[in-house]
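Student: Okay, so here is query_10.txt, and as you'll see once you scroll down, it has compact mmCIF, C-alpha atoms (C1' of nucleotides).
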```txt
# COMPACT_ATOMS: atom_id res chain seq x y z
CA MET A 1 7.00 10.55 -5.24
CA SER A 2 6.46 9.84 -1.55
CA LEU A 3 8.15 6.48 -1.59
CA ARG A 4 11.48 8.25 -1.50
CA HIS A 5 10.40 10.24 1.53
CA ALA A 6 9.26 7.13 3.30
CA LEU A 7 12.70 5.64 2.69
CA LEU A 8 14.48 8.80 3.79
CA GLY A 9 12.34 8.93 6.91
CA LEU A 10 13.25 5.39 7.87
CA LEU A 11 16.92 5.95 7.14
CA ALA A 12 16.89 9.15 9.20
CA ASP A 13 16.36 6.93 12.23
CA GLN A 14 19.14 4.50 11.43
CA PRO A 15 21.08 3.03 8.51
CA ALA A 16 19.49 -0.02 6.93
CA SER A 17 19.64 -2.34 3.94
CA GLY A 18 16.95 -2.65 1.29
CA TYR A 19 15.95 -5.88 2.91
CA ASP A 20 15.62 -4.24 6.33
CA LEU A 21 13.47 -1.49 4.87
CA LEU A 22 11.26 -4.02 3.16
CA GLN A 23 10.41 -5.53 6.53
CA ARG A 24 9.09 -2.17 7.60
CA PHE A 25 6.97 -1.86 4.48
CA ALA A 26 5.67 -5.38 4.94
CA GLY A 27 4.86 -4.62 8.58
CA SER A 28 3.13 -1.66 10.16
CA LEU A 29 4.06 0.79 7.41
CA ASP A 30 1.93 -1.23 5.02
CA ASN A 31 -1.13 0.48 6.51
CA VAL A 32 0.27 3.88 5.66
CA TRP A 33 2.34 3.53 2.52
CA SER A 34 2.81 0.18 0.85
CA ALA A 35 5.66 -0.59 -1.53
CA SER A 36 6.86 -3.69 -3.32
CA GLN A 37 10.31 -5.24 -3.21
CA THR A 38 11.12 -4.07 -6.73
CA GLN A 39 10.09 -0.55 -5.94
CA VAL A 40 12.20 -0.28 -2.82
CA TYR A 41 15.39 -1.54 -4.44
CA THR A 42 15.07 0.61 -7.54
CA GLU A 43 14.24 3.71 -5.52
CA LEU A 44 17.24 3.14 -3.25
CA THR A 45 19.49 3.00 -6.29
CA LYS A 46 17.98 6.24 -7.55
CA LEU A 47 18.33 7.98 -4.21
CA ALA A 48 21.98 6.92 -4.00
CA GLY A 49 22.51 8.20 -7.53
CA GLU A 50 21.11 11.58 -6.50
CA GLY A 51 23.29 11.71 -3.41
CA LEU A 52 20.42 11.71 -0.91
CA ILE A 53 21.67 8.50 0.62
CA THR A 54 25.01 6.62 0.51
CA ALA A 55 25.64 2.90 0.27
CA SER A 56 28.24 1.03 2.28
CA GLU A 57 30.50 -1.63 0.77
CA GLU A 58 28.79 -4.96 0.12
CA GLY A 59 28.74 -7.14 3.24
CA PRO A 60 28.02 -10.84 3.94
CA ARG A 61 25.31 -11.74 1.41
CA ARG A 62 25.98 -8.84 -0.89
CA ARG A 63 24.24 -6.76 1.76
CA LYS A 64 24.52 -3.02 1.32
CA GLU A 65 23.65 -0.64 4.10
CA TYR A 66 22.31 2.78 3.24
CA SER A 67 22.66 5.95 5.29
CA ILE A 68 20.96 9.29 4.81
CA THR A 69 23.19 12.18 3.71
CA PRO A 70 22.87 15.85 4.73
CA ALA A 71 21.25 16.47 1.34
CA GLY A 72 18.78 13.70 2.04
CA ASP A 73 18.02 15.11 5.44
CA THR A 74 17.33 18.50 3.93
CA GLU A 75 15.01 16.95 1.37
CA LEU A 76 13.17 15.04 4.09
CA ARG A 77 12.66 18.07 6.34
CA ASN A 78 11.59 20.07 3.37
CA TRP A 79 8.95 17.49 2.50
CA LEU A 80 7.77 17.35 6.10
CA SER A 81 7.31 21.10 6.19
CA THR A 82 5.29 21.09 2.98
CA ASN A 83 1.62 21.88 2.98
CA GLU A 84 -0.43 18.81 2.27
CA SER A 85 -0.16 17.87 -1.35
CA LYS A 86 -2.38 17.34 -4.29
CA THR A 87 -2.78 13.59 -3.98
CA PRO A 88 -5.66 12.83 -6.31
CA ALA A 89 -8.59 11.11 -4.57
CA ARG A 90 -8.99 7.47 -5.60
CA ASN A 91 -11.22 5.44 -3.37
CA GLU A 92 -12.35 2.23 -5.00
CA MET A 93 -14.71 1.37 -2.17
CA LEU A 94 -16.53 4.67 -2.54
CA LEU A 95 -16.56 4.38 -6.32
CA ARG A 96 -18.41 1.08 -6.04
CA VAL A 97 -20.91 2.59 -3.63
CA PHE A 98 -21.48 5.46 -6.01
CA PHE A 99 -22.71 3.03 -8.66
CA LEU A 100 -24.59 0.72 -6.35
CA GLY A 101 -27.92 1.96 -7.70
CA ILE A 102 -27.31 -0.26 -10.71
CA LEU A 103 -27.85 -3.34 -8.54
CA PRO A 104 -31.17 -4.37 -6.95
CA PRO A 105 -31.58 -3.07 -3.35
CA GLN A 106 -30.92 -6.41 -1.72
CA GLN A 107 -27.56 -6.75 -3.44
CA ALA A 108 -26.70 -3.19 -2.51
CA LEU A 109 -27.54 -3.98 1.10
CA ASP A 110 -25.36 -7.05 1.02
CA HIS A 111 -22.56 -4.98 -0.39
CA MET A 112 -22.79 -2.43 2.41
CA ALA A 113 -22.95 -5.21 4.98
CA GLY A 114 -19.71 -6.55 3.55
CA ILE A 115 -18.07 -3.15 3.96
CA ARG A 116 -19.32 -2.94 7.51
CA GLU A 117 -17.92 -6.36 8.35
CA ARG A 118 -14.57 -5.59 6.78
CA SER A 119 -14.36 -2.39 8.79
CA ARG A 120 -15.00 -4.36 11.93
CA ALA A 121 -12.27 -6.83 10.96
CA GLY A 122 -9.97 -3.91 10.23
CA GLN A 123 -10.46 -2.63 13.76
CA ASP A 124 -9.57 -6.02 15.16
CA ALA A 125 -6.47 -6.17 12.98
CA LEU A 126 -5.31 -2.79 14.23
CA ALA A 127 -5.98 -3.77 17.82
CA ALA A 128 -3.84 -6.86 17.27
CA LEU A 129 -1.12 -4.72 15.71
CA GLU A 130 -1.21 -2.42 18.70
CA GLN A 131 -0.81 -5.36 21.04
CA SER A 132 2.06 -6.93 19.15
CA THR A 133 3.99 -3.70 18.71
CA ASP A 134 6.82 -2.88 21.06
CA TRP A 135 6.07 0.74 21.91
CA THR A 136 8.84 1.18 24.41
CA ASP A 137 12.02 1.65 22.45
CA GLU A 138 10.80 2.52 19.01
CA ALA A 139 11.99 5.79 17.56
CA PHE A 140 8.63 6.38 15.88
CA SER A 141 6.67 5.36 18.92
CA ASP A 142 4.75 8.55 19.66
CA TYR A 143 3.77 9.32 16.11
CA GLY A 144 3.28 5.66 15.31
CA ARG A 145 0.61 5.65 17.99
CA ILE A 146 -0.97 8.75 16.51
CA ALA A 147 -1.03 7.13 13.07
CA LEU A 148 -2.52 3.99 14.55
CA GLU A 149 -5.20 6.02 16.25
CA TRP A 150 -6.11 7.46 12.88
CA GLY A 151 -6.57 3.95 11.53
CA LYS A 152 -8.81 2.96 14.43
CA ARG A 153 -10.96 6.05 14.03
CA PHE A 154 -11.10 5.56 10.29
CA GLN A 155 -12.32 1.99 10.58
CA THR A 156 -14.85 2.93 13.24
CA MET A 157 -16.13 5.75 11.08
CA ASN A 158 -16.45 3.35 8.16
CA GLU A 159 -18.37 0.80 10.15
CA GLU A 160 -20.81 3.39 11.47
CA TRP A 161 -21.26 4.92 8.05
CA ALA A 162 -21.96 1.54 6.44
CA GLN A 163 -24.52 0.83 9.13
CA TRP A 164 -26.16 4.19 8.47
CA ALA A 165 -26.14 3.54 4.72
CA GLU A 166 -27.86 0.20 5.20
CA GLU A 167 -30.61 1.95 7.12
CA GLN A 168 -30.97 4.52 4.35
CA ILE A 169 -31.28 1.84 1.69
CA GLU A 170 -33.78 -0.12 3.78
CA ALA A 171 -35.87 2.98 4.32
CA ARG A 172 -36.02 3.81 0.63
CA ARG A 173 -36.80 0.33 -0.49
CA PRO A 174 -40.32 -0.70 -1.58
CA GLY A 175 -42.12 -1.96 1.51
CA GLU A 176 -42.05 -5.68 0.84
CA SER A 177 -40.78 -8.12 3.43
CA ARG A 178 -37.13 -7.80 4.22
CA ARG A 179 -34.82 -10.71 3.86
CA GLU A 180 -34.23 -11.37 7.54
CA THR A 181 -37.91 -11.13 8.43
CA ALA A 182 -39.18 -12.96 5.37
CA GLY A 183 -40.70 -16.41 5.74
CA MET B 1 -7.97 -0.57 -13.27
CA SER B 2 -10.99 1.17 -11.75
CA LEU B 3 -11.02 4.05 -14.18
CA ARG B 4 -12.67 1.80 -16.71
CA HIS B 5 -15.34 0.86 -14.21
CA ALA B 6 -15.98 4.48 -13.40
CA LEU B 7 -16.50 5.12 -17.10
CA LEU B 8 -18.70 2.06 -17.53
CA GLY B 9 -20.74 3.14 -14.51
CA LEU B 10 -21.36 6.58 -15.94
CA LEU B 11 -22.19 5.19 -19.37
CA ALA B 12 -24.61 2.68 -17.82
CA ASP B 13 -26.77 5.67 -16.92
CA GLN B 14 -26.69 7.28 -20.34
CA PRO B 15 -24.52 7.58 -23.45
CA ALA B 16 -21.96 10.36 -23.32
CA SER B 17 -18.92 11.78 -25.06
CA GLY B 18 -15.44 11.88 -23.57
CA TYR B 19 -15.97 15.54 -22.97
CA ASP B 20 -19.22 14.90 -21.11
CA LEU B 21 -17.56 12.31 -18.92
CA LEU B 22 -14.73 14.67 -18.16
CA GLN B 23 -17.21 17.12 -16.66
CA ARG B 24 -18.24 14.43 -14.23
CA PHE B 25 -14.65 13.74 -13.27
CA ALA B 26 -13.95 17.43 -12.86
CA GLY B 27 -17.07 17.77 -10.70
CA SER B 28 -18.34 15.69 -7.83
CA LEU B 29 -16.63 12.48 -8.95
CA ASP B 30 -13.29 14.15 -8.35
CA ASN B 31 -13.76 13.47 -4.64
CA VAL B 32 -14.11 9.76 -5.29
CA TRP B 33 -12.01 8.94 -8.32
CA SER B 34 -10.09 11.61 -10.16
CA ALA B 35 -8.93 11.24 -13.73
CA SER B 36 -7.24 13.51 -16.22
CA GLN B 37 -8.40 14.39 -19.72
CA THR B 38 -5.71 12.26 -21.33
CA GLN B 39 -6.61 9.27 -19.23
CA VAL B 40 -10.30 9.44 -20.03
CA TYR B 41 -9.82 9.65 -23.79
CA THR B 42 -7.25 6.88 -23.96
CA GLU B 43 -9.28 4.59 -21.73
CA LEU B 44 -12.41 5.17 -23.84
CA THR B 45 -10.48 4.13 -26.92
CA LYS B 46 -9.30 1.00 -25.15
CA LEU B 47 -12.77 0.13 -23.90
CA ALA B 48 -14.17 0.53 -27.39
CA GLY B 49 -11.39 -1.69 -28.72
CA GLU B 50 -12.37 -4.37 -26.24
CA GLY B 51 -16.03 -4.09 -27.16
CA LEU B 52 -17.19 -2.95 -23.72
CA ILE B 53 -18.52 0.27 -25.19
CA THR B 54 -19.37 1.44 -28.72
CA ALA B 55 -18.76 4.80 -30.35
CA SER B 56 -21.27 6.62 -32.51
CA GLU B 57 -20.31 8.35 -35.74
CA GLU B 58 -18.50 11.64 -35.27
CA GLY B 59 -20.94 14.52 -34.73
CA PRO B 60 -20.68 18.35 -34.82
CA ARG B 61 -17.19 19.05 -33.43
CA ARG B 62 -15.84 15.58 -34.07
CA ARG B 63 -17.94 14.61 -31.08
CA LYS B 64 -18.29 10.87 -30.51
CA GLU B 65 -20.89 9.48 -28.19
CA TYR B 66 -20.16 6.25 -26.37
CA SER B 67 -22.71 3.70 -25.18
CA ILE B 68 -22.19 0.70 -22.94
CA THR B 69 -22.54 -2.73 -24.59
CA PRO B 70 -23.96 -5.88 -23.00
CA ALA B 71 -20.37 -7.05 -22.50
CA GLY B 72 -19.58 -3.81 -20.73
CA ASP B 73 -22.64 -4.12 -18.56
CA THR B 74 -21.59 -7.62 -17.54
CA GLU B 75 -18.11 -6.38 -16.70
CA LEU B 76 -19.55 -3.55 -14.63
CA ARG B 77 -21.91 -5.75 -12.64
CA ASN B 78 -19.15 -8.21 -12.12
CA TRP B 79 -16.91 -5.52 -10.68
CA LEU B 80 -19.72 -4.24 -8.45
CA SER B 81 -20.25 -7.71 -7.04
CA THR B 82 -16.59 -8.14 -6.26
CA ASN B 83 -15.36 -8.26 -2.71
CA GLU B 84 -13.43 -5.16 -1.88
CA SER B 85 -10.07 -5.25 -3.55
CA LYS B 86 -6.47 -5.08 -2.61
CA THR B 87 -5.96 -1.37 -3.15
CA PRO B 88 -2.59 -0.74 -1.55
CA ALA B 89 -2.72 1.85 1.24
CA ARG B 90 -0.99 5.09 0.32
CA ASN B 91 -1.81 7.98 2.57
CA GLU B 92 0.67 10.81 2.22
CA MET B 93 -0.85 12.78 5.08
CA LEU B 94 -0.39 9.85 7.47
CA LEU B 95 3.10 9.16 6.16
CA ARG B 96 4.14 12.68 7.08
CA VAL B 97 2.63 12.32 10.53
CA PHE B 98 4.51 9.06 11.00
CA PHE B 99 7.81 10.90 10.60
CA LEU B 100 6.84 14.03 12.50
CA GLY B 101 9.13 13.08 15.39
CA ILE B 102 12.00 14.30 13.24
CA LEU B 103 10.80 17.88 13.67
CA PRO B 104 10.80 19.84 16.94
CA PRO B 105 7.48 19.63 18.84
CA GLN B 106 6.34 23.12 17.93
CA GLN B 107 6.67 22.41 14.22
CA ALA B 108 4.87 19.11 14.66
CA LEU B 109 2.06 20.95 16.42
CA ASP B 110 1.84 23.47 13.61
CA HIS B 111 1.69 20.63 11.14
CA MET B 112 -1.22 18.98 12.94
CA ALA B 113 -3.00 22.31 13.22
CA GLY B 114 -2.70 22.63 9.46
CA ILE B 115 -4.30 19.23 8.99
CA ARG B 116 -7.09 20.19 11.35
CA GLU B 117 -7.77 23.38 9.48
CA ARG B 118 -7.76 21.67 6.12
CA SER B 119 -10.24 19.10 7.43
CA ARG B 120 -12.48 21.91 8.53
CA ALA B 121 -12.22 23.53 5.09
CA GLY B 122 -12.96 20.16 3.52
CA GLN B 123 -16.19 19.95 5.46
CA ASP B 124 -17.21 23.36 4.24
CA ALA B 125 -16.40 22.40 0.67
CA LEU B 126 -18.57 19.29 0.92
CA ALA B 127 -21.40 21.28 2.45
CA ALA B 128 -21.17 23.69 -0.46
CA LEU B 129 -21.17 20.78 -2.90
CA GLU B 130 -24.25 19.38 -1.23
CA GLN B 131 -26.01 22.72 -1.56
CA SER B 132 -25.11 23.20 -5.20
CA THR B 133 -26.02 19.68 -6.28
CA ASP B 134 -29.38 19.02 -7.84
CA TRP B 135 -30.50 15.93 -5.96
CA THR B 136 -33.94 15.69 -7.51
CA ASP B 137 -33.47 14.12 -10.92
CA GLU B 138 -30.05 12.62 -10.76
CA ALA B 139 -29.74 8.92 -11.44
CA PHE B 140 -27.03 8.54 -8.82
CA SER B 141 -28.85 10.65 -6.29
CA ASP B 142 -29.34 8.14 -3.45
CA TYR B 143 -25.88 6.68 -3.57
CA GLY B 144 -24.31 10.03 -4.34
CA ARG B 145 -25.72 11.21 -1.04
CA ILE B 146 -24.32 8.17 0.70
CA ALA B 147 -20.90 8.81 -0.80
CA LEU B 148 -21.12 12.46 0.23
CA GLU B 149 -21.99 11.43 3.76
CA TRP B 150 -18.84 9.35 3.83
CA GLY B 151 -16.82 12.43 2.90
CA LYS B 152 -18.41 14.50 5.63
CA ARG B 153 -17.78 11.86 8.26
CA PHE B 154 -14.24 11.37 7.01
CA GLN B 155 -13.41 15.06 7.30
CA THR B 156 -15.02 15.31 10.71
CA MET B 157 -13.07 12.29 11.89
CA ASN B 158 -9.87 13.86 10.59
CA GLU B 159 -10.49 17.14 12.34
CA GLU B 160 -11.22 15.47 15.65
CA TRP B 161 -8.22 13.21 15.33
CA ALA B 162 -5.90 16.12 14.55
CA GLN B 163 -7.23 17.94 17.59
CA TRP B 164 -6.59 14.87 19.73
CA ALA B 165 -3.09 14.50 18.29
CA GLU B 166 -2.27 18.09 19.14
CA GLU B 167 -3.26 17.43 22.73
CA GLN B 168 -1.08 14.33 22.81
CA ILE B 169 1.93 16.24 21.51
CA GLU B 170 1.34 19.08 23.96
CA ALA B 171 1.12 16.65 26.84
CA ARG B 172 4.38 14.91 25.95
CA ARG B 173 6.30 18.07 25.38
CA PRO B 174 8.84 19.35 27.93
CA GLY B 175 6.97 21.66 30.31
CA GLU B 176 8.22 25.01 29.04
CA SER B 177 5.84 27.79 28.13
CA ARG B 178 3.67 27.08 25.15
CA ARG B 179 3.66 29.36 22.20
CA GLU B 180 0.23 30.87 22.69
CA THR B 181 0.80 31.52 26.38
CA ALA B 182 4.41 32.62 26.07
CA GLY B 183 5.86 36.06 26.45
C1' DG C 1 22.86 -31.85 2.30
C1' DT C 2 18.44 -29.69 2.11
C1' DC C 3 15.44 -26.07 3.54
C1' DT C 4 14.76 -21.46 5.01
C1' DT C 5 15.87 -16.88 5.25
C1' DC C 6 18.68 -13.23 3.69
C1' DA C 7 19.62 -10.33 -0.08
C1' DT C 8 19.52 -8.02 -4.56
C1' DG C 9 18.44 -7.35 -8.90
C1' DT C 10 16.32 -7.09 -14.40
C1' DA C 11 12.57 -6.86 -17.83
C1' DA C 12 8.02 -6.17 -19.47
C1' DT C 13 3.77 -4.08 -18.82
C1' DT C 14 0.25 -1.05 -16.95
C1' DT C 15 -1.32 3.12 -14.98
C1' DG C 16 -1.03 7.93 -14.30
C1' DT C 17 1.04 12.73 -15.16
C1' DT C 18 2.66 16.65 -17.83
C1' DA C 19 3.18 19.05 -21.82
C1' DC C 20 1.92 19.98 -26.26
C1' DA C 21 -1.12 20.33 -30.44
C1' DT C 22 -5.18 21.22 -33.13
C1' DG C 23 -9.39 22.56 -34.82
C1' DA C 24 -14.66 23.29 -34.86
C1' DT C 25 -18.66 25.90 -33.09
C1' DT C 26 -20.93 29.31 -30.36
C1' DT C 27 -21.28 33.73 -28.15
C1' DC C 28 -20.67 38.52 -27.83
C1' DG D 1 -13.86 38.90 -35.84
C1' DA D 2 -12.19 37.73 -31.18
C1' DA D 3 -12.79 35.05 -27.26
C1' DA D 4 -14.74 31.23 -24.93
C1' DT D 5 -16.12 26.71 -24.98
C1' DC D 6 -16.47 22.28 -27.11
C1' DA D 7 -13.91 18.35 -28.48
C1' DT D 8 -10.19 15.05 -29.26
C1' DG D 9 -5.91 13.57 -29.54
C1' DT D 10 -0.16 12.37 -29.34
C1' DA D 11 4.33 12.00 -27.04
C1' DA D 12 7.39 11.74 -23.28
C1' DC D 13 7.92 10.53 -18.80
C1' DA D 14 7.22 8.82 -14.02
C1' DA D 15 5.34 5.48 -10.87
C1' DA D 16 3.75 0.95 -9.79
C1' DT D 17 2.79 -4.05 -10.73
C1' DT D 18 3.98 -8.64 -12.15
C1' DA D 19 6.98 -12.05 -13.38
C1' DC D 20 11.32 -13.87 -13.44
C1' DA D 21 16.16 -14.81 -11.89
C1' DT D 22 19.97 -15.73 -8.85
C1' DG D 23 22.80 -16.79 -5.30
C1' DA D 24 24.90 -16.57 -0.38
C1' DA D 25 24.60 -17.82 4.55
C1' DG D 26 22.48 -20.05 8.44
C1' DA D 27 19.60 -23.75 10.66
C1' DC D 28 18.68 -28.47 11.35
```
Translate the structure described by the file into structure tokens.
Tutor:
Amino acid sequence: MSLRHALLGLLADQPASGYDLLQRFAGSLDNVWSASQTQVYTELTKLAGEGLITASEEGPRRRKEYSITPAGDTELRNWLSTNESKTPARNEMLLRVFFLGILPPQQALDHMAGIRERSRAGQDALAALEQSTDWTDEAFSDYGRIALEWGKRFQTMNEEWAQWAEEQIEARRPGESRRETAG
Amino acid sequence: MSLRHALLGLLADQPASGYDLLQRFAGSLDNVWSASQTQVYTELTKLAGEGLITASEEGPRRRKEYSITPAGDTELRNWLSTNESKTPARNEMLLRVFFLGILPPQQALDHMAGIRERSRAGQDALAALEQSTDWTDEAFSDYGRIALEWGKRFQTMNEEWAQWAEEQIEARRPGESRRETAG
DNA sequence: GTCTTCATGTAATTTGTTACATGATTTC
DNA sequence: GAAATCATGTAACAAATTACATGAAGAC
């Protein structure tokens, strides 16, 4: 049920159409909370039905602009003040690692190497995002930076952990020649 | 669709009943992939229907024991060999942080402090889990440790990041007296 | 006048949550 | 014999994904 809060949060900054909001979800927000086109439009309809946002008359291309209502603002602040919630843990990457013992050590090593490389690529992607973002006039600038910093630290942590895991697997493996040193 | 792979992974180690598997999900696996009772039983029925696992006759308390089939094993290995998937990012903690600019700085600071404290508590919980786990005879021992290490690093990263964020918010805040030094 | 972008929806299906229901066996 | 644990399910609902559908306005 956080999609609605993401929408309320964006609308708290300024009124926007479903299409506008989708750009945000397709852009930087995608790293934090992703949502599909269908989801955004249906949730906006629901929110309007509950009086948390209001829709303007249809404009040019049937465009409707939504604004947050006082009720919506209350709901948003209430959510923001909430203690962190019971989001169930579901980490597919970790789940795979958990079962990696099923594969032979070399395949497990390859798997971890893949994770390490993707973490590296993730760092590059975030660095590029940082570069391309206009931090000057954005309303979410300060906290956007803080969220971005989380992503960078997360990816760094992942890369280092994968590296460490590879060393662990190597160390535990029967002492034959390793792939990169093998003839 | 990873629940099925979690179940196949557990059954690859040894046959088990739905009830048995639920203990795993309620225990350490809950940090990696959580699942409810209803979900486990319905997914087992589906998996059996698709021939990826087989059920034994009903035992003592209507107990059924499931075993993985060759088809299920193939499916599991296939999933393990897959490049990391397109799991959409949905991080409610980060989403809240992203919108924290809506609240006055002091409330934002309190929020970050809460995250920091919960990360600390998370580290303690994982340390306790590590202590209470029997690492000697478990089939998933090596990779369970690696997964646990991820959790520890993740929580540490979170704590440090929250600390850093608090400093950022402090620094940007109008230079009045701070709460802890005030009055 | 065609292509792209803007703009919004519906329908079917899958996945996950919450609530409810039931009964057998063991332990004390 | 009462309580705890073992053991499995159904039904209703909410959230998310995938596929499909349509049409207006602007760019070239």
Student: If you count all atoms listed in the file, which residues fall within 9 Å of Ser81 in chain A, apart from same-chain ones fewer than 2 positions away, as a list in words?
Tutor: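 Close residues of Ser81 in chain A: Leu76, Arg77, Asn78, Trp79, Asn83 and Glu84 of chain A; Leu103, Gln107 and His111 of chain B.
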Student: Can you tell me, as a list of chain:residue names, what residues are no more than 10 Å from DA7 in chain D when counting only C-alpha atoms (C1' of nucleotides), ignoring any on the same chain fewer than 4 positions away?
Tutor: B:Ser17, B:Gly18, B:Tyr19, B:Asp20, B:Pro60, B:Arg61, B:Arg62, B:Arg63, B:Lys64, C:DG23, C:DA24
Student: Selection from above, C-alpha atoms (C1' of nucleotides), as an mmCIF file, keeping the file's coordinate frame, can you write it?
Tutor:
```
data_model
loop_
_atom_site.group_PDB
_atom_site.id
_atom_site.type_symbol
_atom_site.label_atom_id
_atom_site.label_comp_id
_atom_site.auth_asym_id
_atom_site.auth_seq_id
_atom_site.Cartn_x
_atom_site.Cartn_y
_atom_site.Cartn_z
ATOM 1 C CA SER B 17 -18.920 11.780 -25.060
ATOM 2 C CA GLY B 18 -15.440 11.880 -23.570
ATOM 3 C CA TYR B 19 -15.970 15.540 -22.970
ATOM 4 C CA ASP B 20 -19.220 14.900 -21.110
ATOM 5 C CA PRO B 60 -20.680 18.350 -34.820
ATOM 6 C CA ARG B 61 -17.190 19.050 -33.430
ATOM 7 C CA ARG B 62 -15.840 15.580 -34.070
ATOM 8 C CA ARG B 63 -17.940 14.610 -31.080
ATOM 9 C CA LYS B 64 -18.290 10.870 -30.510
ATOM 10 C "C1'" DG C 23 -9.390 22.560 -34.820
ATOM 11 C "C1'" DA C 24 -14.660 23.290 -34.860
#
```
Student: Do a neighbour search on Ala71 in chain B at 12 Å with all atoms listed in the file, toss out local chain neighbours closer than 6 positions, and write the hits as a list in words.
Tutor: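 Final neighbour list, sorted by chain and number: Leu8, Ala12, Leu47, Ala48, Glu50, Gly51, Leu52, Ile53, Thr54, Arg77 and Asn78 of chain B.
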Student: (0.9, 1.0, -15.5) in this file's frame - what residues fall within 10 Å of it? Use all atoms listed in the file and give the answer as a ChimeraX atom specification.
Tutor: /B:1 /C:13-16 /D:15-17
Student: Which is closer to DT8 in chain D than all the others in B:Ala139, B:Val97, B:Ala121, B:Val40, using all atoms listed in the file?
Tutor: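 Of B:Ala139, B:Val97, B:Ala121, B:Val40, the one nearest DT8 in chain D, counting all atoms listed in the file, is B:Val40.
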Student: Set the cut-off to 12 Å and count all atoms listed in the file: what are the residues of chain D that reach chain A? Output as an NGL selection string.
Tutor: :D and (14-20 or 23-26)
Student: Box for range 155-172 of chain B: with edges along x, y and z, all listed atoms inside and 4 Å added on each side, what are the centre and edge lengths in Å to one decimal, as AutoDock Vina command-line options?
Tutor:
```
--center_x -5.3 --center_y 15.7 --center_z 17.1 --size_x 27.4 --size_y 14.8 --size_z 27.5
```
Student: Give the residues of chain C that lie within 12 Å of chain A; count all atoms listed in the file, and format the answer as a list in words.
Tutor: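 That gives the following set of residues: DT5, DC6, DA7, DT8, DG9, DT10, DA11, DG16 and DT17 of chain C.
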Student: Using all atoms listed in the file and a cutoff of 7 Å, can you tell me which residues are near (-4.2, 15.9, -33.7) in the file's coordinates, and write them out as a ChimeraX atom specification?
Tutor: /C:21-22 /D:9-10
Student: Counting only C-alpha atoms, which residues in chain A sit no more than 7 Å from chain B? For each one, give the nearest pair of atoms and the distance in Å, sorted by chain then residue number, as JSON lines.
Tutor:
```
{"residue": "A:Ser2", "atom": "CA", "partner": "B:Glu92", "partner_atom": "CA", "distance": 7.0}
{"residue": "A:Gly9", "atom": "CA", "partner": "B:Phe99", "partner_atom": "CA", "distance": 6.2}
{"residue": "A:Asp30", "atom": "CA", "partner": "B:Ala89", "partner_atom": "CA", "distance": 6.7}
{"residue": "A:Asn31", "atom": "CA", "partner": "B:Ala89", "partner_atom": "CA", "distance": 5.7}
{"residue": "A:Val32", "atom": "CA", "partner": "B:Asn91", "partner_atom": "CA", "distance": 5.5}
{"residue": "A:Trp33", "atom": "CA", "partner": "B:Arg90", "partner_atom": "CA", "distance": 4.3}
{"residue": "A:Ser34", "atom": "CA", "partner": "B:Ala89", "partner_atom": "CA", "distance": 5.8}
{"residue": "A:Leu80", "atom": "CA", "partner": "B:Arg96", "partner_atom": "CA", "distance": 6.0}
{"residue": "A:Glu84", "atom": "CA", "partner": "B:Met93", "partner_atom": "CA", "distance": 6.7}
{"residue": "A:Pro88", "atom": "CA", "partner": "B:Ser34", "partner_atom": "CA", "distance": 6.0}
{"residue": "A:Ala89", "atom": "CA", "partner": "B:Trp33", "partner_atom": "CA", "distance": 5.5}
{"residue": "A:Arg90", "atom": "CA", "partner": "B:Trp33", "partner_atom": "CA", "distance": 4.3}
{"residue": "A:Asn91", "atom": "CA", "partner": "B:Val32", "partner_atom": "CA", "distance": 5.5}
{"residue": "A:Glu92", "atom": "CA", "partner": "B:Ser2", "partner_atom": "CA", "distance": 7.0}
{"residue": "A:Met93", "atom": "CA", "partner": "B:Glu84", "partner_atom": "CA", "distance": 6.7}
{"residue": "A:Leu94", "atom": "CA", "partner": "B:Ala147", "partner_atom": "CA", "distance": 6.3}
{"residue": "A:Leu95", "atom": "CA", "partner": "B:Val32", "partner_atom": "CA", "distance": 6.0}
{"residue": "A:Arg96", "atom": "CA", "partner": "B:Leu80", "partner_atom": "CA", "distance": 6.0}
{"residue": "A:Val97", "atom": "CA", "partner": "B:Tyr143", "partner_atom": "CA", "distance": 6.4}
{"residue": "A:Phe98", "atom": "CA", "partner": "B:Tyr143", "partner_atom": "CA", "distance": 5.2}
{"residue": "A:Phe99", "atom": "CA", "partner": "B:Gly9", "partner_atom": "CA", "distance": 6.2}
{"residue": "A:Leu100", "atom": "CA", "partner": "B:Tyr143", "partner_atom": "CA", "distance": 6.7}
{"residue": "A:Gly101", "atom": "CA", "partner": "B:Tyr143", "partner_atom": "CA", "distance": 6.6}
{"residue": "A:Phe140", "atom": "CA", "partner": "B:Gly101", "partner_atom": "CA", "distance": 6.7}
{"residue": "A:Tyr143", "atom": "CA", "partner": "B:Phe98", "partner_atom": "CA", "distance": 5.2}
{"residue": "A:Gly144", "atom": "CA", "partner": "B:Phe98", "partner_atom": "CA", "distance": 5.6}
{"residue": "A:Ile146", "atom": "CA", "partner": "B:Ala165", "partner_atom": "CA", "distance": 6.4}
{"residue": "A:Ala147", "atom": "CA", "partner": "B:Phe98", "partner_atom": "CA", "distance": 6.2}
{"residue": "A:Trp150", "atom": "CA", "partner": "B:Trp161", "partner_atom": "CA", "distance": 6.6}
{"residue": "A:Arg153", "atom": "CA", "partner": "B:Met157", "partner_atom": "CA", "distance": 6.9}
{"residue": "A:Met157", "atom": "CA", "partner": "B:Arg153", "partner_atom": "CA", "distance": 6.9}
{"residue": "A:Trp161", "atom": "CA", "partner": "B:Trp150", "partner_atom": "CA", "distance": 6.6}
{"residue": "A:Ala165", "atom": "CA", "partner": "B:Ile146", "partner_atom": "CA", "distance": 6.4}
```
